[in-house]
Amino acid sequence: MTHGELAEQYFLEGYNCSQAVLLAFSDRTGLDKETAARLASSFGGGLARMREVCGAVSGAAMVLGLVRGYADPKDAEAKKAHYHLVQRFAELFRERNGSIICRDLLSGVQVKEGKNPEKRTQAYYRKRPCAELCRQAADILDILL
């Protein structure tokens, strides 16, 4: 199973978009399932359903940080290279989808207003592009990594 297929599957199991992408790369990050799910839990719905940066993009940024990030705050070259990598990911995701912002990606999708997550039903999955966005984020990561 590809990372993209795994990310889509995790989303369809009920994980948020950020969790789905991070979980799909456990073979690369070394994170156990619970740690990865907890780490990414705040980023679903564009940061806790505030519809900001897409959770799949945030999950991908976490993967990039864990696999190819920098740790030394004095290593300016490593920081620059990492930021360029994340920017390249965002560029590729934006080319495919027009945006990296959750509210833009859900434009035209009828969503319930409010702060609470929506219940996951078949209708929920049918109307949202999120499973496909998780797959695409993971596919782009495979290209970059």
# chains A, B, ... in the order shown; residues from 1 in each chain; ligands from 1
>>> residues_around(residues="segment 54-56 of chain A", least_positions_apart="4", cutoff="10 Å", atoms="only C-alpha atoms", output="VMD selection string")
chain A and resid 7 11 16 to 22 40 to 50 60 to 62 93 99 to 106 130 to 138
>>> select_by_dssp(residues="chain A", states="alpha helix (DSSP H)", output="JSON, numbers by chain")
{"A": [3, 4, 5, 6, 7, 8, 9, 10, 11, 12, 17, 18, 19, 20, 21, 22, 23, 24, 26, 27, 28, 29, 33, 34, 35, 36, 37, 38, 39, 40, 55, 56, 57, 58, 59, 60, 61, 62, 63, 64, 65, 66, 67, 68, 76, 77, 78, 79, 80, 81, 82, 83, 84, 85, 86, 87, 88, 89, 90, 91, 92, 93, 94, 95, 96, 97, 102, 103, 104, 105, 122, 123, 124, 125, 126, 127, 130, 131, 132, 133, 134, 135, 136, 137, 138, 139, 140, 141, 142, 143, 144]}
>>> atom_distance(atom1="atom CA of Gln9 of chain A", atom2="atom CA of Ala24 of chain A")
8.9 Å
>>> atom_distance(atom1="atom CA of Lys74 of chain A", atom2="atom CA of Leu31 of chain A")
26.0 Å
>>> decode(residues="segment 30-61 of chain A", atoms="N, CA, C and O atoms", output="compact mmCIF listing (two decimals), in the first residue's frame")
# COMPACT_ATOMS: atom_id res chain seq x y z
N GLY A 30 9.21 7.02 12.28
CA GLY A 30 9.52 6.22 13.46
C GLY A 30 8.56 6.44 14.62
O GLY A 30 8.73 5.87 15.69
N LEU A 31 7.53 7.26 14.40
CA LEU A 31 6.57 7.52 15.47
C LEU A 31 5.59 6.36 15.60
O LEU A 31 5.12 5.81 14.59
N ASP A 32 5.26 6.02 16.83
CA ASP A 32 4.21 5.02 17.03
C ASP A 32 2.86 5.69 16.75
O ASP A 32 2.75 6.92 16.73
N LYS A 33 1.84 4.87 16.56
CA LYS A 33 0.53 5.36 16.13
C LYS A 33 -0.07 6.36 17.12
O LYS A 33 -0.57 7.41 16.73
N GLU A 34 0.00 6.06 18.40
CA GLU A 34 -0.61 6.96 19.39
C GLU A 34 0.11 8.31 19.43
O GLU A 34 -0.53 9.37 19.46
N THR A 35 1.44 8.29 19.42
CA THR A 35 2.19 9.55 19.45
C THR A 35 1.90 10.39 18.23
O THR A 35 1.66 11.60 18.33
N ALA A 36 1.90 9.76 17.06
CA ALA A 36 1.62 10.50 15.82
C ALA A 36 0.20 11.07 15.85
O ALA A 36 0.00 12.24 15.48
N ALA A 37 -0.76 10.28 16.28
CA ALA A 37 -2.15 10.76 16.32
C ALA A 37 -2.30 11.92 17.29
O ALA A 37 -2.98 12.90 16.99
N ARG A 38 -1.66 11.83 18.44
CA ARG A 38 -1.74 12.93 19.41
C ARG A 38 -1.05 14.19 18.89
O ARG A 38 -1.57 15.30 19.01
N LEU A 39 0.14 14.01 18.32
CA LEU A 39 0.90 15.15 17.81
C LEU A 39 0.12 15.93 16.76
O LEU A 39 0.11 17.16 16.76
N ALA A 40 -0.56 15.22 15.87
CA ALA A 40 -1.28 15.86 14.77
C ALA A 40 -2.73 16.20 15.10
O ALA A 40 -3.41 16.83 14.30
N SER A 41 -3.19 15.85 16.29
CA SER A 41 -4.62 15.99 16.61
C SER A 41 -5.13 17.43 16.58
O SER A 41 -6.31 17.65 16.31
N SER A 42 -4.29 18.40 16.81
CA SER A 42 -4.73 19.80 16.85
C SER A 42 -4.91 20.43 15.48
O SER A 42 -5.49 21.51 15.36
N PHE A 43 -4.41 19.79 14.43
CA PHE A 43 -4.31 20.44 13.13
C PHE A 43 -5.42 20.08 12.14
O PHE A 43 -5.43 20.60 11.03
N GLY A 44 -6.34 19.22 12.53
CA GLY A 44 -7.45 18.87 11.64
C GLY A 44 -8.38 20.04 11.42
O GLY A 44 -8.52 20.92 12.26
N GLY A 45 -9.00 20.07 10.27
CA GLY A 45 -9.95 21.14 9.96
C GLY A 45 -9.29 22.50 9.82
O GLY A 45 -9.90 23.52 10.07
N GLY A 46 -8.04 22.49 9.42
CA GLY A 46 -7.33 23.75 9.26
C GLY A 46 -7.01 24.40 10.60
O GLY A 46 -7.29 25.57 10.80
N LEU A 47 -6.48 23.65 11.52
CA LEU A 47 -6.14 24.01 12.89
C LEU A 47 -7.41 24.08 13.73
O LEU A 47 -8.08 25.12 13.80
N ALA A 48 -7.74 22.95 14.30
CA ALA A 48 -8.89 22.84 15.22
C ALA A 48 -10.18 23.38 14.62
O ALA A 48 -10.94 24.08 15.26
N ARG A 49 -10.39 23.07 13.34
CA ARG A 49 -11.62 23.43 12.61
C ARG A 49 -11.78 24.94 12.40
O ARG A 49 -12.87 25.44 12.16
N MET A 50 -10.67 25.67 12.44
CA MET A 50 -10.73 27.11 12.17
C MET A 50 -10.54 27.41 10.69
O MET A 50 -10.54 28.57 10.28
N ARG A 51 -10.35 26.36 9.89
CA ARG A 51 -10.28 26.46 8.42
C ARG A 51 -9.10 27.30 7.93
O ARG A 51 -9.21 27.99 6.93
N GLU A 52 -7.99 27.22 8.62
CA GLU A 52 -6.77 27.91 8.19
C GLU A 52 -5.97 26.96 7.29
O GLU A 52 -6.56 26.36 6.40
N VAL A 53 -4.68 26.77 7.51
CA VAL A 53 -3.88 25.89 6.66
C VAL A 53 -4.45 24.47 6.75
O VAL A 53 -4.67 23.94 7.85
N CYS A 54 -4.68 23.86 5.60
CA CYS A 54 -5.23 22.51 5.50
C CYS A 54 -4.45 21.55 6.40
O CYS A 54 -3.22 21.56 6.42
N GLY A 55 -5.16 20.73 7.13
CA GLY A 55 -4.52 19.76 8.01
C GLY A 55 -3.62 18.78 7.29
O GLY A 55 -2.60 18.35 7.83
N ALA A 56 -3.96 18.42 6.06
CA ALA A 56 -3.11 17.52 5.29
C ALA A 56 -1.76 18.19 5.01
O ALA A 56 -0.70 17.54 5.04
N VAL A 57 -1.78 19.49 4.79
CA VAL A 57 -0.55 20.25 4.57
C VAL A 57 0.24 20.32 5.88
O VAL A 57 1.47 20.14 5.89
N SER A 58 -0.44 20.57 6.98
CA SER A 58 0.24 20.60 8.28
C SER A 58 0.85 19.24 8.62
O SER A 58 1.98 19.17 9.11
N GLY A 59 0.12 18.18 8.34
CA GLY A 59 0.66 16.84 8.57
C GLY A 59 1.89 16.58 7.72
O GLY A 59 2.88 16.01 8.18
N ALA A 60 1.84 17.04 6.48
CA ALA A 60 2.99 16.88 5.59
C ALA A 60 4.19 17.67 6.11
O ALA A 60 5.32 17.20 6.06
N ALA A 61 3.93 18.88 6.64
CA ALA A 61 5.03 19.68 7.20
C ALA A 61 5.66 18.96 8.39
O ALA A 61 6.88 19.00 8.57
